[in-house]
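*Asks:* Sending over final-v4.csv (CSV, C-alpha atoms).
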chain,number,residue,atom,x,y,z
G,16,MET,CA,42.9,-106.8,-76.9
G,17,GLU,CA,44.7,-105.2,-79.8
G,18,GLU,CA,42.4,-102.2,-79.5
G,19,ALA,CA,43.2,-101.8,-75.8
G,20,ALA,CA,46.9,-102.1,-76.6
G,21,ALA,CA,46.6,-99.3,-79.1
G,22,ALA,CA,44.8,-97.1,-76.5
G,23,VAL,CA,47.7,-97.8,-74.1
G,24,ALA,CA,50.3,-96.9,-76.7
G,25,THR,CA,48.7,-93.5,-77.4
G,26,ALA,CA,48.4,-92.6,-73.8
G,27,GLY,CA,50.8,-89.9,-72.4
G,28,GLU,CA,53.0,-90.5,-69.5
G,29,ALA,CA,50.8,-88.6,-67.0
G,30,GLU,CA,47.4,-89.6,-68.4
G,31,LEU,CA,45.6,-92.8,-69.4
G,32,ASN,CA,42.4,-92.0,-71.3
G,33,TRP,CA,40.3,-95.1,-71.9
G,34,SER,CA,37.0,-93.4,-72.6
G,35,ARG,CA,34.3,-95.4,-74.5
G,36,LEU,CA,36.5,-98.4,-75.2
G,37,SER,CA,34.5,-101.2,-76.8
G,38,LEU,CA,35.8,-103.7,-74.2
G,39,SER,CA,34.0,-105.8,-71.6
G,40,PRO,CA,34.5,-104.7,-68.0
G,41,GLU,CA,36.5,-108.0,-67.5
G,42,THR,CA,38.9,-107.2,-70.3
G,43,LEU,CA,39.3,-103.7,-69.1
G,44,GLU,CA,40.1,-105.0,-65.6
G,45,SER,CA,42.8,-107.3,-67.0
G,46,GLU,CA,44.3,-104.5,-69.1
G,47,LEU,CA,44.5,-102.3,-66.0
G,48,GLU,CA,46.2,-105.0,-64.0
G,49,ALA,CA,48.8,-105.4,-66.7
G,50,ARG,CA,49.3,-101.6,-66.8
G,51,GLY,CA,49.7,-101.6,-63.0
G,52,GLU,CA,52.3,-104.3,-63.1
G,53,GLU,CA,54.3,-102.4,-65.7
G,54,ARG,CA,54.4,-99.4,-63.5
G,55,ARG,CA,55.6,-101.1,-60.3
G,56,GLY,CA,59.2,-101.2,-61.5
G,57,SER,CA,59.0,-98.0,-63.6
G,58,ARG,CA,59.7,-94.3,-62.9
G,59,GLU,CA,56.8,-93.4,-65.0
G,60,VAL,CA,54.0,-91.9,-62.9
G,61,LEU,CA,50.4,-92.0,-63.9
G,62,LEU,CA,48.5,-89.0,-62.6
G,63,ARG,CA,45.2,-89.1,-64.5
G,64,LEU,CA,43.0,-92.2,-65.3
G,65,LEU,CA,39.9,-91.5,-67.4
G,66,LEU,CA,37.4,-94.4,-67.6
G,67,PRO,CA,34.1,-92.8,-68.5
G,68,HIS,CA,31.4,-94.6,-70.5
G,69,ASN,CA,32.8,-98.1,-70.2
G,70,ARG,CA,29.8,-100.0,-68.7
G,71,LEU,CA,31.5,-100.4,-65.4
G,72,VAL,CA,29.4,-101.8,-62.6
G,73,SER,CA,32.1,-101.6,-60.0
G,74,LEU,CA,35.5,-100.0,-59.6
G,75,PRO,CA,38.3,-102.0,-61.2
G,76,ARG,CA,40.1,-104.1,-58.5
G,77,ALA,CA,43.4,-103.1,-60.2
G,78,LEU,CA,43.1,-99.6,-58.7
G,79,GLY,CA,44.2,-101.1,-55.4
G,80,SER,CA,47.8,-101.7,-56.7
G,81,GLY,CA,50.0,-99.8,-59.1
G,82,PHE,CA,48.1,-96.6,-59.2
G,83,GLN,CA,49.1,-95.1,-55.8
G,84,HIS,CA,50.2,-91.8,-57.4
G,85,LEU,CA,46.9,-91.1,-59.2
G,86,GLN,CA,45.5,-87.6,-58.8
G,87,VAL,CA,42.5,-87.6,-61.1
G,88,LEU,CA,40.0,-90.5,-61.6
G,89,ASP,CA,37.0,-90.2,-63.9
G,90,VAL,CA,34.5,-93.0,-63.8
G,91,SER,CA,31.5,-90.9,-65.0
G,92,GLY,CA,28.7,-92.3,-67.3
G,93,ASN,CA,29.0,-95.9,-66.1
G,94,ALA,CA,26.6,-98.1,-64.1
G,95,LEU,CA,28.3,-97.9,-60.7
G,96,THR,CA,26.0,-98.4,-57.7
G,97,THR,CA,28.9,-98.2,-55.2
G,98,LEU,CA,32.4,-96.8,-55.0
G,99,GLY,CA,34.3,-99.7,-53.5
G,100,PRO,CA,37.2,-100.0,-51.1
G,101,GLU,CA,39.6,-99.8,-54.1
G,102,LEU,CA,39.1,-96.1,-53.9
G,103,LEU,CA,40.8,-95.9,-50.4
G,104,ALA,CA,44.1,-97.1,-51.9
G,105,LEU,CA,44.4,-93.9,-53.9
G,106,HIS,CA,46.1,-92.0,-51.2
G,107,GLY,CA,46.9,-88.9,-53.3
G,108,LEU,CA,43.7,-88.6,-55.2
G,109,ARG,CA,42.6,-84.9,-55.7
G,110,THR,CA,39.7,-85.1,-58.2
G,111,LEU,CA,37.0,-87.8,-58.4
G,112,LEU,CA,34.5,-87.6,-61.1
G,113,ALA,CA,31.6,-90.1,-60.7
G,114,LYS,CA,28.7,-88.3,-62.3
G,115,ASN,CA,25.8,-90.0,-64.1
G,116,ASN,CA,26.0,-93.3,-62.5
G,117,ARG,CA,23.6,-95.2,-60.2
G,118,LEU,CA,25.1,-94.2,-56.8
G,119,GLY,CA,22.8,-93.4,-53.9
G,120,GLY,CA,22.4,-96.3,-51.5
G,121,PRO,CA,23.8,-96.4,-47.9
G,122,SER,CA,27.0,-98.2,-49.2
G,123,ALA,CA,27.5,-95.9,-52.2
G,124,LEU,CA,30.8,-94.6,-50.6
G,125,PRO,CA,33.4,-96.9,-49.2
G,126,LYS,CA,33.4,-97.6,-45.5
G,127,GLY,CA,36.2,-95.8,-43.7
G,128,LEU,CA,36.3,-92.9,-46.2
G,129,ALA,CA,36.3,-90.4,-43.4
G,130,GLN,CA,39.4,-92.0,-41.7
G,131,SER,CA,41.3,-92.5,-45.0
G,132,PRO,CA,44.0,-90.3,-46.5
G,133,LEU,CA,41.4,-89.1,-49.0
G,134,CYS,CA,40.0,-87.0,-46.2
G,135,ARG,CA,43.1,-84.8,-46.5
G,136,SER,CA,43.8,-85.1,-50.3
G,137,LEU,CA,40.4,-85.0,-52.1
G,138,GLN,CA,39.6,-81.5,-53.4
G,139,VAL,CA,37.1,-82.0,-56.2
G,140,LEU,CA,34.1,-84.4,-56.0
G,141,ASN,CA,31.4,-84.6,-58.7
G,142,LEU,CA,28.5,-86.9,-57.9
G,143,SER,CA,25.9,-85.2,-60.0
G,144,GLY,CA,23.3,-87.2,-61.9
G,145,ASN,CA,23.0,-90.0,-59.4
G,146,CYS,CA,20.3,-91.2,-57.0
G,147,PHE,CA,21.4,-89.7,-53.6
G,148,GLN,CA,18.4,-88.8,-51.4
G,149,GLU,CA,20.7,-87.5,-48.7
G,150,MET,CA,24.4,-86.5,-48.4
G,151,PRO,CA,26.4,-89.4,-47.0
G,152,ALA,CA,27.8,-88.7,-43.6
G,153,SER,CA,31.3,-89.7,-44.6
G,154,LEU,CA,31.3,-87.1,-47.4
G,155,LEU,CA,30.8,-84.4,-44.9
G,156,GLU,CA,34.2,-85.3,-43.3
G,157,LEU,CA,36.2,-84.6,-46.4
G,158,ARG,CA,37.8,-81.5,-44.9
G,159,ALA,CA,40.0,-80.6,-47.9
G,160,LEU,CA,37.1,-80.6,-50.4
G,161,GLN,CA,37.0,-77.4,-52.4
G,162,THR,CA,34.3,-78.3,-55.0
G,163,LEU,CA,31.3,-80.4,-54.4
G,164,SER,CA,28.7,-81.2,-57.1
G,165,MET,CA,25.6,-83.1,-56.4
G,166,GLY,CA,23.2,-81.6,-58.9
G,167,GLY,CA,20.5,-83.8,-60.4
G,168,ASN,CA,20.1,-86.2,-57.5
G,169,GLN,CA,17.1,-86.6,-55.2
G,170,LEU,CA,18.4,-84.7,-52.2
G,171,GLN,CA,15.6,-83.6,-49.8
G,172,SER,CA,17.7,-81.4,-47.6
G,173,ILE,CA,21.2,-79.9,-46.9
G,174,PRO,CA,22.5,-81.3,-43.6
G,175,ALA,CA,23.7,-78.8,-41.0
G,176,GLU,CA,27.0,-80.7,-41.0
G,177,ILE,CA,27.8,-79.1,-44.3
G,178,GLU,CA,29.6,-76.5,-42.2
G,179,ASN,CA,32.4,-79.1,-41.7
G,180,LEU,CA,33.6,-78.5,-45.2
G,181,ARG,CA,35.5,-75.4,-44.3
G,182,SER,CA,37.6,-75.4,-47.5
G,183,LEU,CA,34.6,-75.5,-49.8
G,184,GLU,CA,34.7,-72.8,-52.5
G,185,SER,CA,32.0,-74.2,-55.0
G,186,LEU,CA,28.8,-76.0,-54.1
G,187,TYR,CA,26.4,-77.2,-56.8
G,188,LEU,CA,23.1,-78.6,-55.6
G,189,GLY,CA,20.8,-77.6,-58.5
G,190,GLY,CA,18.0,-79.9,-59.6
G,191,ASN,CA,17.1,-81.6,-56.4
G,192,PHE,CA,14.1,-81.4,-54.0
G,193,ILE,CA,15.7,-79.2,-51.3
G,194,LYS,CA,13.1,-77.1,-49.4
G,195,GLU,CA,15.3,-75.2,-46.9
G,196,ILE,CA,18.8,-73.6,-46.8
G,197,PRO,CA,20.4,-74.4,-43.4
G,198,PRO,CA,21.9,-71.3,-41.6
G,199,GLU,CA,25.0,-73.4,-41.1
G,200,LEU,CA,25.8,-72.9,-44.8
G,201,ALA,CA,26.9,-69.4,-43.8
G,202,ASN,CA,29.8,-70.9,-41.9
G,203,LEU,CA,31.8,-71.7,-45.0
G,204,PRO,CA,34.3,-68.7,-45.2
G,205,SER,CA,35.7,-69.6,-48.7
G,206,LEU,CA,32.4,-70.3,-50.5
G,207,THR,CA,32.5,-68.4,-53.8
G,208,TYR,CA,29.9,-70.1,-56.0
G,209,LEU,CA,26.6,-71.4,-54.6
G,210,VAL,CA,24.1,-73.0,-57.0
G,211,LEU,CA,20.7,-74.0,-55.5
G,212,CYS,CA,18.5,-73.5,-58.6
G,213,ASP,CA,15.7,-75.9,-59.6
G,214,ASN,CA,14.7,-76.9,-56.1
G,215,LYS,CA,11.7,-76.2,-53.8
G,216,ILE,CA,13.3,-73.5,-51.6
G,217,GLN,CA,10.8,-71.1,-50.1
G,218,SER,CA,13.1,-68.7,-48.2
G,219,VAL,CA,16.7,-67.6,-47.8
G,220,PRO,CA,18.1,-67.4,-44.3
G,221,PRO,CA,19.5,-63.9,-43.4
G,222,GLN,CA,22.7,-65.7,-42.2
G,223,LEU,CA,23.8,-66.0,-45.8
G,224,SER,CA,24.9,-62.4,-45.6
G,225,GLN,CA,27.9,-63.7,-43.8
G,226,LEU,CA,29.3,-65.3,-46.9
G,227,HIS,CA,31.6,-62.5,-47.7
G,228,SER,CA,33.5,-64.4,-50.4
G,229,LEU,CA,30.3,-65.2,-52.4
G,230,ARG,CA,30.5,-64.1,-56.0
G,231,SER,CA,27.7,-66.0,-57.6
G,232,LEU,CA,24.4,-67.1,-56.2
G,233,SER,CA,21.9,-69.1,-58.4
G,234,LEU,CA,18.4,-69.4,-56.9
G,235,HIS,CA,16.3,-69.5,-60.1
G,236,ASN,CA,13.3,-71.8,-60.4
G,237,ASN,CA,12.5,-72.1,-56.7
G,238,LEU,CA,9.5,-71.0,-54.6
G,239,LEU,CA,10.9,-67.8,-53.2
G,240,THR,CA,8.4,-65.1,-52.3
G,241,TYR,CA,10.8,-62.7,-50.6
G,242,LEU,CA,14.5,-62.1,-49.9
G,243,PRO,CA,15.9,-60.9,-46.6
G,244,ARG,CA,17.3,-57.4,-46.5
G,245,GLU,CA,20.5,-58.8,-45.2
G,246,ILE,CA,21.3,-60.1,-48.7
G,247,LEU,CA,22.3,-56.5,-49.5
G,248,SER,CA,25.4,-57.1,-47.4
G,249,LEU,CA,26.9,-59.4,-50.1
G,250,ILE,CA,28.8,-56.5,-51.6
G,251,HIS,CA,31.1,-58.8,-53.6
G,252,LEU,CA,28.2,-60.6,-55.3
G,253,GLU,CA,28.5,-60.4,-59.1
G,254,GLU,CA,25.9,-62.8,-60.3
G,255,LEU,CA,22.4,-63.3,-58.9
G,256,SER,CA,19.8,-65.5,-60.7
G,257,LEU,CA,16.2,-65.2,-59.4
G,258,ARG,CA,14.0,-65.9,-62.5
G,259,GLY,CA,11.2,-68.4,-62.2
G,260,ASN,CA,10.3,-67.4,-58.5
G,261,PRO,CA,7.0,-66.0,-57.3
G,262,LEU,CA,8.8,-63.0,-55.9
G,263,VAL,CA,9.7,-61.8,-59.5
G,264,VAL,CA,6.1,-62.1,-60.6
G,265,ARG,CA,4.8,-60.3,-57.6
G,266,PHE,CA,7.4,-57.5,-57.9
G,267,VAL,CA,6.6,-56.8,-61.5
G,268,ARG,CA,2.9,-57.0,-60.9
G,269,ASP,CA,3.1,-54.5,-58.0
G,270,LEU,CA,5.0,-51.8,-60.0
G,271,THR,CA,2.7,-48.7,-60.3
G,272,TYR,CA,2.8,-45.7,-62.5
G,273,ASP,CA,1.6,-42.2,-61.4
G,274,PRO,CA,0.7,-39.9,-64.3
G,275,PRO,CA,2.9,-36.8,-64.8
G,276,THR,CA,1.8,-33.4,-63.5
G,277,LEU,CA,0.7,-30.6,-65.8
G,278,LEU,CA,4.1,-29.0,-65.1
G,279,GLU,CA,6.0,-32.1,-66.3
G,280,LEU,CA,3.7,-32.5,-69.3
G,281,ALA,CA,4.5,-28.9,-70.4
G,282,ALA,CA,8.2,-29.4,-69.7
G,283,ARG,CA,8.3,-32.6,-71.7
G,284,THR,CA,6.6,-30.8,-74.7
G,285,ILE,CA,9.2,-28.1,-74.6
G,286,LYS,CA,12.1,-30.6,-74.6
G,287,ILE,CA,10.6,-33.1,-77.1
G,288,ARG,CA,9.6,-30.4,-79.6
G,289,ASN,CA,12.8,-28.3,-79.1
G,290,VAL,CA,10.8,-25.2,-78.3
G,291,SER,CA,13.4,-22.4,-78.0
G,292,TYR,CA,13.6,-20.2,-74.9
G,293,THR,CA,16.0,-17.9,-73.2
G,294,PRO,CA,16.7,-17.1,-69.5
G,295,TYR,CA,14.6,-14.0,-69.9
G,296,ASP,CA,11.5,-15.9,-71.1
G,297,LEU,CA,10.9,-18.0,-68.0
G,298,PRO,CA,11.2,-17.7,-64.2
G,299,GLY,CA,14.3,-19.2,-62.6
G,300,ASN,CA,12.5,-22.1,-60.9
G,301,LEU,CA,11.1,-23.3,-64.3
G,302,LEU,CA,14.5,-22.9,-65.9
G,303,ARG,CA,16.1,-25.1,-63.2
G,304,TYR,CA,13.3,-27.6,-63.7
G,305,LEU,CA,13.8,-27.9,-67.4
G,306,GLY,CA,17.5,-28.6,-66.7
G,307,LEU,CA,16.5,-31.7,-64.8
G,308,ALA,CA,15.2,-33.6,-67.9
G,309,SER,CA,16.4,-37.2,-68.3
G,310,ASN,CA,16.4,-39.0,-71.6
G,311,CYS,CA,14.4,-42.1,-72.0
G,312,PRO,CA,16.8,-45.1,-72.2
G,313,ASN,CA,14.7,-46.8,-74.8
G,314,PRO,CA,16.8,-46.3,-78.0
G,315,LYS,CA,13.6,-46.3,-80.1
G,316,CYS,CA,12.1,-43.4,-78.1
G,317,GLY,CA,13.2,-39.7,-78.2
G,318,GLY,CA,11.2,-38.8,-75.0
G,319,VAL,CA,12.3,-37.4,-71.7
G,320,TYR,CA,11.0,-37.5,-68.2
G,321,PHE,CA,11.4,-35.5,-65.0
G,322,ASP,CA,9.8,-36.7,-61.8
G,323,CYS,CA,7.5,-39.3,-63.3
G,324,CYS,CA,8.8,-42.5,-64.9
G,325,VAL,CA,8.0,-46.1,-65.4
G,326,ARG,CA,10.1,-48.7,-63.6
G,327,GLN,CA,10.7,-51.8,-65.6
G,328,ILE,CA,12.4,-55.1,-64.8
G,329,LYS,CA,14.7,-56.4,-67.5
G,330,PHE,CA,16.4,-59.8,-67.3
G,331,VAL,CA,19.9,-59.8,-68.8
G,332,ASP,CA,22.0,-62.8,-69.7
G,333,PHE,CA,25.4,-63.2,-68.1
G,334,CYS,CA,27.8,-65.8,-69.5
G,335,GLY,CA,24.8,-67.6,-71.1
G,336,LYS,CA,23.9,-69.1,-67.7
G,337,TYR,CA,23.0,-66.5,-65.1
G,338,ARG,CA,20.2,-64.0,-65.6
G,339,LEU,CA,20.3,-60.8,-63.5
G,340,PRO,CA,17.2,-58.7,-62.9
G,341,LEU,CA,17.9,-55.0,-63.6
G,342,MET,CA,15.7,-52.0,-63.2
G,343,HIS,CA,15.6,-49.3,-65.8
G,344,TYR,CA,13.4,-46.2,-66.1
G,345,LEU,CA,11.1,-45.3,-69.1
G,346,CYS,CA,9.2,-42.1,-69.8
G,347,SER,CA,5.8,-43.8,-70.1
G,348,PRO,CA,4.0,-47.2,-70.0
G,349,GLU,CA,3.7,-47.0,-73.8
G,350,CYS,CA,7.5,-46.9,-74.1
G,351,SER,CA,8.0,-50.4,-72.7
G,352,SER,CA,10.8,-52.2,-74.5
G,353,PRO,CA,10.7,-56.0,-74.9
G,354,CYS,CA,11.6,-57.7,-71.7
G,355,SER,CA,13.6,-60.9,-72.0
G,356,SER,CA,12.0,-62.9,-69.1
G,357,ALA,CA,11.9,-66.3,-70.7
G,358,SER,CA,14.1,-69.0,-69.1
G,359,HIS,CA,15.6,-69.7,-72.5
G,360,SER,CA,16.6,-66.9,-74.9
G,361,SER,CA,18.2,-67.0,-78.3
G,362,THR,CA,21.8,-65.8,-78.8
G,363,SER,CA,20.6,-62.9,-81.0
G,364,GLN,CA,18.2,-61.7,-78.2
G,365,SER,CA,21.0,-61.9,-75.7
G,366,GLU,CA,23.3,-59.8,-77.9
G,367,SER,CA,20.5,-57.3,-78.5
G,368,ASP,CA,20.0,-57.0,-74.7
G,369,SER,CA,23.7,-56.4,-74.2
G,370,GLU,CA,23.7,-53.7,-76.8
G,371,ASP,CA,20.7,-52.0,-75.2
G,372,GLU,CA,22.4,-52.1,-71.8
G,373,ALA,CA,25.5,-50.6,-73.1
G,374,SER,CA,23.5,-47.6,-74.5
G,375,VAL,CA,22.1,-46.8,-71.1
G,376,ALA,CA,24.0,-44.5,-68.8
G,377,ALA,CA,25.2,-46.2,-65.6
G,378,HIS,CA,23.1,-43.8,-63.4
G,379,ARG,CA,19.9,-44.8,-65.2
G,380,MET,CA,20.4,-48.5,-64.3
G,381,GLN,CA,20.6,-50.2,-61.0
G,382,LYS,CA,20.9,-53.8,-59.8
G,383,VAL,CA,17.7,-55.0,-58.2
G,384,LEU,CA,17.5,-57.6,-55.5
G,385,LEU,CA,13.8,-58.4,-55.6
G,386,GLY,CA,12.0,-58.7,-52.2
Could you express the structure from this file as structure tokens?
*Replies:*
Amino acid sequence: MEEAAAAVATAGEAELNWSRLSLSPETLESELEARGEERRGSREVLLRLLLPHNRLVSLPRALGSGFQHLQVLDVSGNALTTLGPELLALHGLRTLLAKNNRLGGPSALPKGLAQSPLCRSLQVLNLSGNCFQEMPASLLELRALQTLSMGGNQLQSIPAEIENLRSLESLYLGGNFIKEIPPELANLPSLTYLVLCDNKIQSVPPQLSQLHSLRSLSLHNNLLTYLPREILSLIHLEELSLRGNPLVVRFVRDLTYDPPTLLELAARTIKIRNVSYTPYDLPGNLLRYLGLASNCPNPKCGGVYFDCCVRQIKFVDFCGKYRLPLMHYLCSPECSSPCSSASHSSTSQSESDSEDEASVAAHRMQKVLLG
């Protein structure tokens, strides 16, 4: 009891952080009830209540009174199997964090959620690391939702009703068992971040090209064998992750190299060995050809190329999370630089890659959408 009182005393006016308290759920319940009673006649408003890692098996009943102004509730890392009716009393709740629990049954969300004030107030919902096999129907009626995280569950599909969440900006569904992307996902006009990595997705619907606000798309570690050409319409896309898909393996395998002509071999020799010549030594067409030489982007190579080059895919880390396939051109197959294609790369390798990329002129490098 004294420990709980100390936790209350150190809490700020707007936030009550009771994370990892060594209290039984019953004692925690009584402490919350006392806290709620104190606030009924007080001008002090509690906006954030943090209760992660407290061995809770149900929501505290005290939430139903004295916490009506709560905006953020964190009950992550407990043993919750349901989010009870106490949740419906939080009329102004904007953020609900309930990750890493045991939620997933038909009664995981409270009955009447779709008709409650939460339908208009809740903006952020994190249910990652639970046991959901499908998205609850009531969740798909939360029209104000901007961020939805359900990664690390057991979802088999994305329902077509996902299009009801018209305010959604970020959707995280990585680490499930999803096989298809519904075309209705393209009806989310504000969607900016879409994470569908580590699933079993085999194709991308061309309708996704309608997601004009999309900035980041994570599709790595799926079963993709091709991408629709329409994906090129995503002109605002800044991050695209495709590693760990069959299409990457197939694309790299199918890259071919045609040997240079005798003309190019002679021109390369002149350039590499710095053979001197004047405009009076060679015909005009050969002078123009020599002027078309491109330096090999490999910093360890001093070679050049003209018409013939080797295309190589290089996977570059972005923000330590996304890996973007880039194409660059080398003077010969023997000039291949190490390609960081592993799913986990060291910090030093990432820094080295970044330095290599910076040394390559922009017109030597292009973003590749494999397909």
*Asks:* Tell me which residues come within 9 Å of (32.9, -57.7, -50.5), as number ranges by chain, counting only C-alpha atoms in the file's coordinates.
*Replies:* G: 227-230, 248-252
*Asks:* If we count all atoms listed in the file and set the cut-off at 9 Å, which residues sit around G:Gln222, ignoring sequence neighbours fewer than 5 positions away in its own chain? Please answer as a compact mmCIF listing (two decimals) with C-alpha atoms, in the coordinates of the input.
*Replies:*
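What ended up in out.txt:
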# COMPACT_ATOMS: atom_id res chain seq x y z
CA PRO G 198 21.90 -71.30 -41.60
CA GLU G 199 25.00 -73.40 -41.10
CA LEU G 200 25.80 -72.90 -44.80
CA ALA G 201 26.90 -69.40 -43.80
CA ASN G 202 29.80 -70.90 -41.90
CA GLU G 245 20.50 -58.80 -45.20
CA ILE G 246 21.30 -60.10 -48.70
*Asks:* What does the distance between atom CA of G:Tyr208 and atom CA of G:Gly166 come to in Å, to one decimal place?
*Replies:*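 Those two atoms sit 13.6 Å apart.
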*Asks:* Residues of stretch 176-195 of chain G within 10 Å of stretch 146-150 of chain G: nearest atom pair and distance (Å, one decimal) for each, counting only C-alpha atoms, sorted by chain and number, as JSON lines?
*Replies:*
{"residue": "G:Glu176", "atom": "CA", "partner": "G:Met150", "partner_atom": "CA", "distance": 9.8}
{"residue": "G:Ile177", "atom": "CA", "partner": "G:Met150", "partner_atom": "CA", "distance": 9.1}
{"residue": "G:Asn191", "atom": "CA", "partner": "G:Gln148", "partner_atom": "CA", "distance": 8.9}
{"residue": "G:Phe192", "atom": "CA", "partner": "G:Gln148", "partner_atom": "CA", "distance": 8.9}
{"residue": "G:Ile193", "atom": "CA", "partner": "G:Gln148", "partner_atom": "CA", "distance": 10.0}
*Asks:* From the options G:Gly99, G:Gly189, G:Pro40, G:Pro312, which residue's atoms come nearest to G:Arg70, counting all atoms listed in the file?
*Replies:* G:Pro40
